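**Student:** Here you go, one structure.
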2 protein chains.
Amino acid sequence: MIALGGNAMTASDGSATPEDQRRAVEGAMRHAAALIAAGHQVVLTHGNGPQVGNLILKNQLAADVVPPVPLDWCGAQTQATIGALVLNALDGRASVVVTRTLVDPADPAFGDPVKPIGRYFTEAEARRFEALGQTWRRFERGWRRVVPSPEPLQILDAPAVAALMAAGFVVVAAGGGGVPVVRGPDGRLTGVEAVIDKDLAAALLARTVRAARLVIATDVPQAVVGFGTAQARPIGPITASELRGLHAAGHFAAGSMGPKVEAALRFVEHGGDRAVITSLENIAEAVTGQAGTVVRK
Amino acid sequence: MIALGGNAMTASDGSATPEDQRRAVEGAMRHAAALIAAGHQVVLTHGNGPQVGNLILKNQLAADVVPPVPLDWCGAQTQATIGALVLNALDGRASVVVTRTLVDPADPAFGDPVKPIGRYFTEAEARRFEALGQTWRRFERGWRRVVPSPEPLQILDAPAVAALMAAGFVVVAAGGGGVPVVRGPDGRLTGVEAVIDKDLAAALLARTVRAARLVIATDVPQAVVGFGTAQARPIGPITASELRGLHAAGHFAAGSMGPKVEAALRFVEHGGDRAVITSLENIAEAVTGQAGTVVRK
């Protein structure tokens, strides 16, 4: 299972044109294709932050004319657009599964939205959106919408992923962490406005389909202890219990390296053979354990 | 194979809210669920006209702020949003495959865009969009963008559909006719701005996965000879050659019943057992041949 960051595929400020995005996906897929050519069975997942940010913005700008669609629809939309780019780039036995992720409607995250999405706005603009029921917070660079990021409980479409893997497909799944859905008191499934951490969803999907290895591709070659300090030290091979200790001691930033470390730990702690955090360029080496922060039991 | 009209699931003027669309899909899926419960292996495809119209409009309204995405991306987006609604409604062993349809870059349709999409605009607005490279035409109710509607040559993701069918899934595929792609002179696949007729794509997918029956669900219970005249006569059971004759004689409107009749004919002429054109409410009866315009060899 390879989890690709949304920023690995497009500019994080959402300014990338569709053509930019296509080229970025083609670049990322050259690395994935090397793995596939080497005979590995590959499942890909990907982030979608910049893309979802753009979709939200379009919804807001057009809201007087076109009924806006909720955040979960925007996430679904990016699964198909990024997925189709991946399929065109791989041009082989590959398939994109629209993937829903079950979350708990009672997840405390719904009462405490912390995940920033979309672009920075002025306070005046933020206040206007707040009046529409959204939550906005001030960050260093301006105001940004924040949304709930609940725990992924179940990858509802994992059976389809497993069936396609068994049939020899490279599968693209759980893009953007999956489309968040809840099961209501009436037993029915409905989408819910939230963003699921794509690395945590990848770890859950990897466990569900019994992947042997989870590779989390990001902007840096390794996780770092004491990041930003004079004692900064990149982490190479490490045991899950050792890394769990560093994580508990607060070495990894929430919303950045933190969830990647947590995802790697969950995968290994639940029986996965090896999880690796590294940069996109290193994913082939990561699979063989020769690059990145390599977490084992 | 069941092909559901986009209008069967939402208001054709694009005014439906996401909640309206969810309810409409749930309604449509009650009919599909009856078929699944009766033990039929079901592949679903769906239109996306109103939904794509809204996405185009959002792109246009936000174009100064967010890089617009091309038409093929909009089509992909609707596969995921409508697909996720279908999955939530069915809540069982079902999966959505993001589906690309190969078209010929030399298809004459690219030189003669005739398929109207999106809303009606004033002439002044149409002229403004024409200046951006789009093609607009005047219709009775106003100006509307027209796009190429090339022939579907191959459902590129049919192998994934077949693999999921074999694994017992209800498969949702080729939504909106599939995401149109071309193979360039360099051999690479890229998306192309076009709209593929969803019924023709459904007929091709049905043939490719060797479906026994193709049901085209629309707004009317049967195709009609002499539609709008005093001699109007609904068509029940009919042979392919008889229907081909009526079609050649111009009985079915282009852009309306015409492509549905053509899709039904192609399916039966290429070995399909039976194609039925009927209304959404009748799809269960259609499968057993007891409703609609039933086309057989």
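FYI, nothing fancy with the structure tokens labels: chains A, B, ... in order, residues from 1 per chain, ligands from 1 as they appear.
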Which residues, written as a ChimeraX atom specification, have at least one atom at most 10 Å from range 16-33 of chain A, with only C-alpha atoms counted and residues fewer than 2 positions away on the same chain left out?
**Tutor:** /A:2,4,6-14,35-40,42-44,50-51,54,81-92,280-284 /B:66-70,73,190-191
**Student:** Can you list, as a PyMOL selection string, every protein, DNA or RNA residue that comes within 9 Å of range 215-225 of chain B when you count only C-alpha atoms, leaving out same-chain residues fewer than 2 positions away?
**Tutor:** chain B and resi 1-8+199+202+213+227-229+231-236+246+251-252+257+260-261+263-264+274-283+286-287+291-294
**Student:** B:Val268, B:Ala109, B:Cys74, B:Val98: which is nearest Ala240 in chain B, counting only C-alpha atoms?
**Tutor:**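 Under the stated criterion, the closest residue is B:Val268.
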**Student:** With distances taken over only C-alpha atoms, which residue among B:Pro116, B:Pro152, B:Gly168, B:Gly49 lies nearest chain A?
**Tutor:**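 Counting only C-alpha atoms, the residue closest to chain A is B:Gly168.
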**Student:** Out of A:Ala106, A:Ala201, A:Val97, A:Leu265, which residue has the shortest atom-to-atom distance to chain B when counting only C-alpha atoms?
**Tutor:** A:Val97
**Student:** As a ChimeraX atom specification, please: every residue in range 134-180 of chain B that DSSP puts in helix (DSSP H, G or I).
**Tutor:** /B:158-166,175-177
**Student:** Could you save the residues just selected, with N, CA and C atoms, as a PDB file, in the first residue's frame?
**Tutor:**
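Output file out16.pdb follows:
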ATOM      1  N   ALA B 158     -13.638  -1.721 -18.515  1.00  0.00           N
ATOM      2  CA  ALA B 158     -14.513  -2.893 -18.507  1.00  0.00           C
ATOM      3  C   ALA B 158     -13.883  -4.106 -17.805  1.00  0.00           C
ATOM      4  N   PRO B 159     -12.557  -4.317 -17.920  1.00  0.00           N
ATOM      5  CA  PRO B 159     -11.995  -5.479 -17.208  1.00  0.00           C
ATOM      6  C   PRO B 159     -12.229  -5.425 -15.690  1.00  0.00           C
ATOM      7  N   ALA B 160     -12.174  -4.226 -15.106  1.00  0.00           N
ATOM      8  CA  ALA B 160     -12.445  -4.106 -13.673  1.00  0.00           C
ATOM      9  C   ALA B 160     -13.915  -4.388 -13.384  1.00  0.00           C
ATOM     10  N   VAL B 161     -14.787  -3.918 -14.266  1.00  0.00           N
ATOM     11  CA  VAL B 161     -16.220  -4.191 -14.099  1.00  0.00           C
ATOM     12  C   VAL B 161     -16.462  -5.698 -14.118  1.00  0.00           C
ATOM     13  N   ALA B 162     -15.839  -6.374 -15.087  1.00  0.00           N
ATOM     14  CA  ALA B 162     -16.024  -7.825 -15.215  1.00  0.00           C
ATOM     15  C   ALA B 162     -15.482  -8.558 -13.985  1.00  0.00           C
ATOM     16  N   ALA B 163     -14.331  -8.097 -13.479  1.00  0.00           N
ATOM     17  CA  ALA B 163     -13.735  -8.759 -12.307  1.00  0.00           C
ATOM     18  C   ALA B 163     -14.638  -8.615 -11.089  1.00  0.00           C
ATOM     19  N   LEU B 164     -15.224  -7.449 -10.927  1.00  0.00           N
ATOM     20  CA  LEU B 164     -16.118  -7.235  -9.778  1.00  0.00           C
ATOM     21  C   LEU B 164     -17.424  -8.015  -9.948  1.00  0.00           C
ATOM     22  N   MET B 165     -17.943  -8.077 -11.169  1.00  0.00           N
ATOM     23  CA  MET B 165     -19.135  -8.902 -11.414  1.00  0.00           C
ATOM     24  C   MET B 165     -18.856 -10.347 -11.028  1.00  0.00           C
ATOM     25  N   ALA B 166     -17.690 -10.827 -11.450  1.00  0.00           N
ATOM     26  CA  ALA B 166     -17.329 -12.220 -11.160  1.00  0.00           C
ATOM     27  C   ALA B 166     -17.224 -12.464  -9.660  1.00  0.00           C
ATOM     28  N   GLY B 175     -20.622   5.845 -15.749  1.00  0.00           N
ATOM     29  CA  GLY B 175     -21.524   6.968 -15.464  1.00  0.00           C
ATOM     30  C   GLY B 175     -21.291   8.092 -16.453  1.00  0.00           C
ATOM     31  N   GLY B 176     -22.392   8.674 -16.931  1.00  0.00           N
ATOM     32  CA  GLY B 176     -22.288   9.773 -17.881  1.00  0.00           C
ATOM     33  C   GLY B 176     -21.646   9.363 -19.195  1.00  0.00           C
ATOM     34  N   GLY B 177     -21.635   8.060 -19.495  1.00  0.00           N
ATOM     35  CA  GLY B 177     -21.025   7.578 -20.736  1.00  0.00           C
ATOM     36  C   GLY B 177     -19.546   7.276 -20.598  1.00  0.00           C
TER      37      GLY B 177
END
**Student:** Rounded to one decimal in Å, what is the spacing between CA of Ala211 in chain A and CA of Arg266 in chain A?
**Tutor:**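 These atoms are spaced 13.0 Å apart.
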**Student:** List every residue of range 3-212 of chain A that DSSP, applied to the backbone of this structure, places in strand (DSSP E), and write the result as a PyMOL selection string.
**Tutor:** chain A and resi 3-4+43-46+94-96+100-102+115-121+135-139+142-147+154-155+170-172+179-183+189-191
**Student:** Nearest to Arg141 in chain B among B:Asp273, B:Asp107, B:Asp72, B:Glu123, with distances taken over only C-alpha atoms: which residue is it?
**Tutor:**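 Closest to Arg141 in chain B of all the choices is B:Glu123.
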**Student:** Go ahead and compute the interatomic distance for CA of Glu269 in chain A and CA of Leu153 in chain A, in Å to one decimal.
**Tutor:**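 If I compute the distance from CA of Glu269 in chain A to CA of Leu153 in chain A, I get 16.3 Å.
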